[in-house]
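Okay, target03.cif is below, mmCIF, C-alpha atoms:
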```cif
data_protein
loop_
_atom_site.label_atom_id
_atom_site.label_comp_id
_atom_site.auth_asym_id
_atom_site.auth_seq_id
_atom_site.Cartn_x
_atom_site.Cartn_y
_atom_site.Cartn_z
CA MET A 1237 16.03 -9.25 13.89
CA LYS A 1238 15.00 -7.38 10.73
CA VAL A 1239 11.87 -6.55 8.78
CA ASP A 1240 11.20 -9.13 6.07
CA HIS A 1241 8.18 -7.54 4.39
CA PHE A 1242 4.87 -5.86 5.05
CA SER A 1243 1.53 -6.90 3.61
CA PHE A 1244 -1.90 -5.59 2.63
CA THR A 1245 -5.03 -7.65 1.99
CA VAL A 1246 -6.71 -6.37 -1.17
CA SER A 1247 -9.98 -7.08 -2.94
CA ASP A 1248 -8.58 -7.37 -6.49
CA LEU A 1249 -4.94 -8.42 -6.77
CA ASP A 1250 -4.49 -7.46 -10.41
CA ARG A 1251 -5.93 -3.96 -9.85
CA SER A 1252 -3.73 -3.44 -6.79
CA VAL A 1253 -0.57 -4.60 -8.57
CA ALA A 1254 -1.31 -2.15 -11.37
CA PHE A 1255 -1.90 0.65 -8.85
CA TYR A 1256 1.32 0.14 -6.87
CA VAL A 1257 3.44 -0.37 -10.02
CA GLU A 1258 1.96 2.38 -12.20
CA SER A 1259 1.40 5.12 -9.64
CA LEU A 1260 4.09 4.51 -7.00
CA GLY A 1261 6.91 2.81 -8.88
CA PHE A 1262 6.92 -0.57 -7.14
CA GLU A 1263 8.44 -3.36 -9.22
CA ALA A 1264 6.73 -6.71 -9.73
CA THR A 1265 9.48 -9.23 -9.08
CA GLU A 1266 7.37 -12.29 -9.79
CA GLU A 1267 4.03 -13.38 -11.20
CA PRO A 1268 1.09 -13.71 -8.78
CA ALA A 1269 0.78 -17.18 -7.27
CA GLU A 1270 -2.26 -19.05 -6.02
CA ILE A 1271 -1.63 -21.05 -2.86
CA GLU A 1272 -3.60 -23.29 -0.53
CA GLY A 1273 -3.01 -26.18 1.82
CA ASP A 1274 -3.27 -27.46 5.37
CA TRP A 1275 -0.09 -25.63 6.37
CA LEU A 1276 -1.66 -22.33 5.31
CA SER A 1277 -4.88 -23.15 7.15
CA GLN A 1278 -2.85 -23.81 10.31
CA ILE A 1279 -0.96 -20.51 10.02
CA THR A 1280 -4.03 -18.35 9.32
CA GLY A 1281 -6.70 -20.24 11.25
CA PHE A 1282 -8.98 -20.49 8.17
CA ASP A 1283 -10.06 -23.96 7.02
CA GLY A 1284 -9.91 -24.49 3.27
CA ILE A 1285 -7.97 -21.30 2.68
CA ARG A 1286 -7.03 -20.35 -0.86
CA LEU A 1287 -5.41 -17.10 -1.86
CA ARG A 1288 -3.49 -15.23 -4.53
CA LEU A 1289 -0.41 -13.27 -3.62
CA VAL A 1290 2.50 -11.42 -5.09
CA PHE A 1291 5.55 -9.59 -3.76
CA LEU A 1292 6.47 -6.15 -5.07
CA ARG A 1293 9.70 -4.23 -4.36
CA LEU A 1294 10.52 -0.59 -3.89
CA GLY A 1295 14.22 -0.25 -3.14
CA GLU A 1296 14.94 -2.50 -0.17
CA VAL A 1297 11.27 -2.80 0.82
CA SER A 1298 9.07 -5.79 -0.06
CA LEU A 1299 5.29 -5.38 -0.18
CA GLU A 1300 3.14 -8.51 -0.22
CA LEU A 1301 -0.34 -8.11 -1.67
CA ILE A 1302 -2.84 -10.85 -0.80
CA GLN A 1303 -6.29 -11.51 -2.22
CA TYR A 1304 -8.25 -14.09 -0.24
CA LEU A 1305 -10.21 -16.33 -2.61
CA ASN A 1306 -11.52 -18.52 0.25
CA PRO A 1307 -12.69 -17.27 2.62
CA VAL A 1308 -13.53 -14.01 0.90
CA GLY A 1309 -13.14 -11.19 3.38
CA ALA A 1310 -15.62 -8.44 4.12
CA PRO A 1311 -15.32 -5.27 2.06
CA HIS A 1312 -12.99 -2.62 3.46
CA GLN A 1313 -14.61 -0.76 6.30
CA GLU A 1314 -13.69 2.91 6.10
CA SER A 1315 -11.60 3.70 9.14
CA ARG A 1316 -10.04 6.91 10.28
CA THR A 1317 -6.31 7.31 10.80
CA CYS A 1318 -7.08 8.02 14.46
CA ASP A 1319 -8.80 4.63 14.91
CA VAL A 1320 -6.84 2.04 16.86
CA GLY A 1321 -5.26 -0.51 14.53
CA ASN A 1322 -5.28 1.82 11.54
CA ALA A 1323 -2.00 1.71 9.67
CA HIS A 1324 -0.51 3.46 6.69
CA LEU A 1325 2.39 3.25 4.30
CA ALA A 1326 4.63 6.34 4.16
CA LEU A 1327 6.66 6.95 1.02
CA GLU A 1328 9.19 9.64 0.23
CA VAL A 1329 8.56 10.89 -3.30
CA PRO A 1330 10.34 13.45 -5.48
CA ASP A 1331 7.26 15.62 -6.13
CA VAL A 1332 3.89 15.08 -4.46
CA ASP A 1333 1.98 17.26 -6.94
CA ALA A 1334 3.54 15.55 -9.97
CA LEU A 1335 2.58 12.12 -8.56
CA ARG A 1336 -1.06 13.10 -8.10
CA SER A 1337 -2.26 12.52 -11.67
CA HIS A 1338 -0.66 9.03 -11.82
CA PHE A 1339 -2.05 8.19 -8.36
CA GLU A 1340 -5.60 9.22 -9.27
CA ALA A 1341 -5.50 7.72 -12.78
CA ALA A 1342 -4.57 4.35 -11.22
CA GLY A 1343 -7.62 4.45 -8.89
CA GLY A 1344 -6.30 6.23 -5.81
CA ARG A 1345 -7.51 9.50 -4.35
CA PHE A 1346 -5.95 12.25 -2.29
CA VAL A 1347 -7.52 13.09 1.08
CA SER A 1348 -6.36 16.70 0.70
CA ASP A 1349 -4.02 18.86 -1.29
CA PRO A 1350 -0.37 18.66 -0.18
CA VAL A 1351 0.43 20.74 2.91
CA ALA A 1352 3.88 22.15 3.72
CA ILE A 1353 5.05 21.12 7.18
CA PRO A 1354 5.55 24.36 9.14
CA SER A 1355 8.28 23.28 11.57
CA GLY A 1356 10.39 20.43 12.88
CA PRO A 1357 12.60 17.96 11.03
CA LEU A 1358 10.27 17.89 7.98
CA ALA A 1359 9.81 21.70 7.83
CA GLY A 1360 8.98 22.96 4.37
CA ARG A 1361 8.34 19.54 2.87
CA PRO A 1362 4.92 19.05 1.27
CA ILE A 1363 3.00 16.06 2.60
CA ALA A 1364 -0.36 14.53 1.71
CA TYR A 1365 -2.45 11.51 2.59
CA GLY A 1366 -3.98 9.45 -0.17
CA VAL A 1367 -5.81 6.14 -0.32
CA ASP A 1368 -5.38 3.25 -2.72
CA PRO A 1369 -8.39 1.62 -4.47
CA ASP A 1370 -9.12 -0.46 -1.34
CA GLY A 1371 -8.90 2.50 1.05
CA ILE A 1372 -5.39 1.72 2.34
CA VAL A 1373 -3.82 4.99 3.50
CA ILE A 1374 -0.61 6.10 1.81
CA GLU A 1375 1.32 9.08 3.15
CA LEU A 1376 3.32 10.89 0.50
CA ILE A 1377 6.23 12.98 1.77
CA GLU A 1378 8.14 15.11 -0.70
CA SER A 1379 11.91 14.63 -0.68
CA ARG A 1380 14.04 17.38 0.78
CA PRO A 1381 15.28 19.78 -1.85
CA ALA A 1382 18.96 19.33 -2.63
CA THR A 1383 21.18 21.64 -0.54
#
```
For this file, produce the structure as structure tokens.
Amino acid sequence: MKVDHFSFTVSDLDRSVAFYVESLGFEATEEPAEIEGDWLSQITGFDGIRLRLVFLRLGEVSLELIQYLNPVGAPHQESRTCDVGNAHLALEVPDVDALRSHFEAAGGRFVSDPVAIPSGPLAGRPIAYGVDPDGIVIELIESRPAT
């Protein structure tokens, strides 16, 4: 068994593609596609489903972004990272502070300034939580300095 991909449902596919490509370095490997059909309705449980999706890559990881055109989902409900079912994407980045301006210019926001981990396996590494334009939590962990 292996991980094939992970996925986020977004409110505006084009905006989200721009965010993940411009601020986090994901690569668009294809053009967005619009899909529908009985097979998709059976899988998802939604009659008359129609959606747009695209896969992005970052190294070996594939991220699928989906925008539901029918049915249109409810707006993102702000949840806390301590709420059951809350998930986040964690990325190792070369410099958390240097990424901040790109992240915010693309529509994201930081929850706090980066904080250096005081002890343990990540000791000394700055880390911060941010959110994408839809409120999806992204943890940014600075790479270990070269030794």
Using the chain letters and numbering of this document, enumerate as a short mmCIF file (atom, residue, chain, number, x, y, z; two decimals) with C-alpha atoms, in the coordinates of the input the residues selected by the PyMOL selection byres ((chain A and resi 1339) around 10).
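Contents of out_38.cif, freshly written:
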```cif
data_model
loop_
_atom_site.label_atom_id
_atom_site.label_comp_id
_atom_site.auth_asym_id
_atom_site.auth_seq_id
_atom_site.Cartn_x
_atom_site.Cartn_y
_atom_site.Cartn_z
CA PHE A 1255 -1.90 0.65 -8.85
CA TYR A 1256 1.32 0.14 -6.87
CA GLU A 1258 1.96 2.38 -12.20
CA SER A 1259 1.40 5.12 -9.64
CA LEU A 1260 4.09 4.51 -7.00
CA VAL A 1332 3.89 15.08 -4.46
CA ALA A 1334 3.54 15.55 -9.97
CA LEU A 1335 2.58 12.12 -8.56
CA ARG A 1336 -1.06 13.10 -8.10
CA SER A 1337 -2.26 12.52 -11.67
CA HIS A 1338 -0.66 9.03 -11.82
CA GLU A 1340 -5.60 9.22 -9.27
CA ALA A 1341 -5.50 7.72 -12.78
CA ALA A 1342 -4.57 4.35 -11.22
CA GLY A 1343 -7.62 4.45 -8.89
CA GLY A 1344 -6.30 6.23 -5.81
CA ARG A 1345 -7.51 9.50 -4.35
CA PHE A 1346 -5.95 12.25 -2.29
CA GLY A 1366 -3.98 9.45 -0.17
CA VAL A 1367 -5.81 6.14 -0.32
CA ASP A 1368 -5.38 3.25 -2.72
CA PRO A 1369 -8.39 1.62 -4.47
#
```
Residue with smallest distance to Val1257 in chain A - pool A:Ile1271, A:Leu1301, A:Cys1318, A:Leu1287, counting only C-alpha atoms:
A:Leu1301
Evaluate the PyMOL selection byres ((chain A and resi 1239-1245) around 9) on the structure here and hand back the selected residues as a list in words.
Met1237, Lys1238, Val1246, Ser1247, Leu1249, Phe1291, Val1297, Ser1298, Leu1299, Glu1300, Leu1301, Ile1302, Gln1303, Tyr1304, Gly1309, Asp1370 and Ile1372 of chain A
Around the point (-4.2, -28.8, 2.1), in the coordinates given by the file, pick out the residues reaching within 12 Å, counting all atoms listed in the file, and return them as a CSV table (one decimal) with C-alpha atoms, keeping the file's coordinate frame.
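Written output follows (point-v5.csv):
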```csv
chain,number,residue,atom,x,y,z
A,1271,ILE,CA,-1.6,-21.0,-2.9
A,1272,GLU,CA,-3.6,-23.3,-0.5
A,1273,GLY,CA,-3.0,-26.2,1.8
A,1274,ASP,CA,-3.3,-27.5,5.4
A,1275,TRP,CA,-0.1,-25.6,6.4
A,1276,LEU,CA,-1.7,-22.3,5.3
A,1277,SER,CA,-4.9,-23.2,7.2
A,1278,GLN,CA,-2.8,-23.8,10.3
A,1279,ILE,CA,-1.0,-20.5,10.0
A,1282,PHE,CA,-9.0,-20.5,8.2
A,1283,ASP,CA,-10.1,-24.0,7.0
A,1284,GLY,CA,-9.9,-24.5,3.3
A,1285,ILE,CA,-8.0,-21.3,2.7
A,1286,ARG,CA,-7.0,-20.4,-0.9
```
Given the PyMOL selection byres ((chain A and resi 1328) around 7), the residues it picks as a PDB file with C-alpha atoms, in the coordinates of the input:
```pdb
ATOM      1  CA  ALA A1326       4.630   6.340   4.160  1.00  0.00           C
ATOM      2  CA  LEU A1327       6.660   6.950   1.020  1.00  0.00           C
ATOM      3  CA  VAL A1329       8.560  10.890  -3.300  1.00  0.00           C
ATOM      4  CA  PRO A1330      10.340  13.450  -5.480  1.00  0.00           C
ATOM      5  CA  LEU A1376       3.320  10.890   0.500  1.00  0.00           C
ATOM      6  CA  ILE A1377       6.230  12.980   1.770  1.00  0.00           C
ATOM      7  CA  GLU A1378       8.140  15.110  -0.700  1.00  0.00           C
ATOM      8  CA  SER A1379      11.910  14.630  -0.680  1.00  0.00           C
TER       9      SER A1379
END
```
In Å, rounded to a single decimal, give me how far CA of Asp1333 in chain A is from CA of Asp1248 in chain A.
26.8 Å
CA of Glu1270 in chain A sits from CA of Gly1371 in chain A at a separation of 23.6 Å
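When all atoms listed in the file are used to compute distances to Val1351 in chain A, the closest of the residues A:Glu1375, A:Leu1292, A:Asp1331, A:Ile1363 turns out to be A:Ile1363.
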With all atoms listed in the file as the atoms that count, which of A:Leu1325, A:Leu1294, A:Val1308, A:Leu1289 lies nearest to Gly1261 in chain A?
A:Leu1294
Closest to Gly1281 in chain A among A:Pro1307, A:Ala1323, A:Arg1380, A:Gln1313, using all atoms listed in the file?
A:Pro1307
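CA of Ala1264 in chain A to CA of Val1373 in chain A spans 20.6 Å [interatomic distance, one decimal].
When all atoms listed in the file are used to measure the gap to Asp1250 in chain A, the shortest distance among A:His1312, A:Glu1266, A:Pro1362, A:Arg1288 belongs to A:Arg1288.
With all atoms listed in the file as the basis for measurement, A:Ala1269 is the residue among A:Ala1359, A:Val1347, A:Ala1254, A:Ala1269 that approaches Leu1305 in chain A most closely.
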Would you compute the box with edges along x, y and z of the file around range 1243-1246 of chain A, including every atom the file lists for it and 3 Å extra on each side, and give its centre and edge lengths in Å to one decimal, as AutoDock Vina command-line options?
```
--center_x -2.6 --center_y -6.6 --center_z 1.2 --size_x 14.2 --size_y 8.1 --size_z 10.8
```
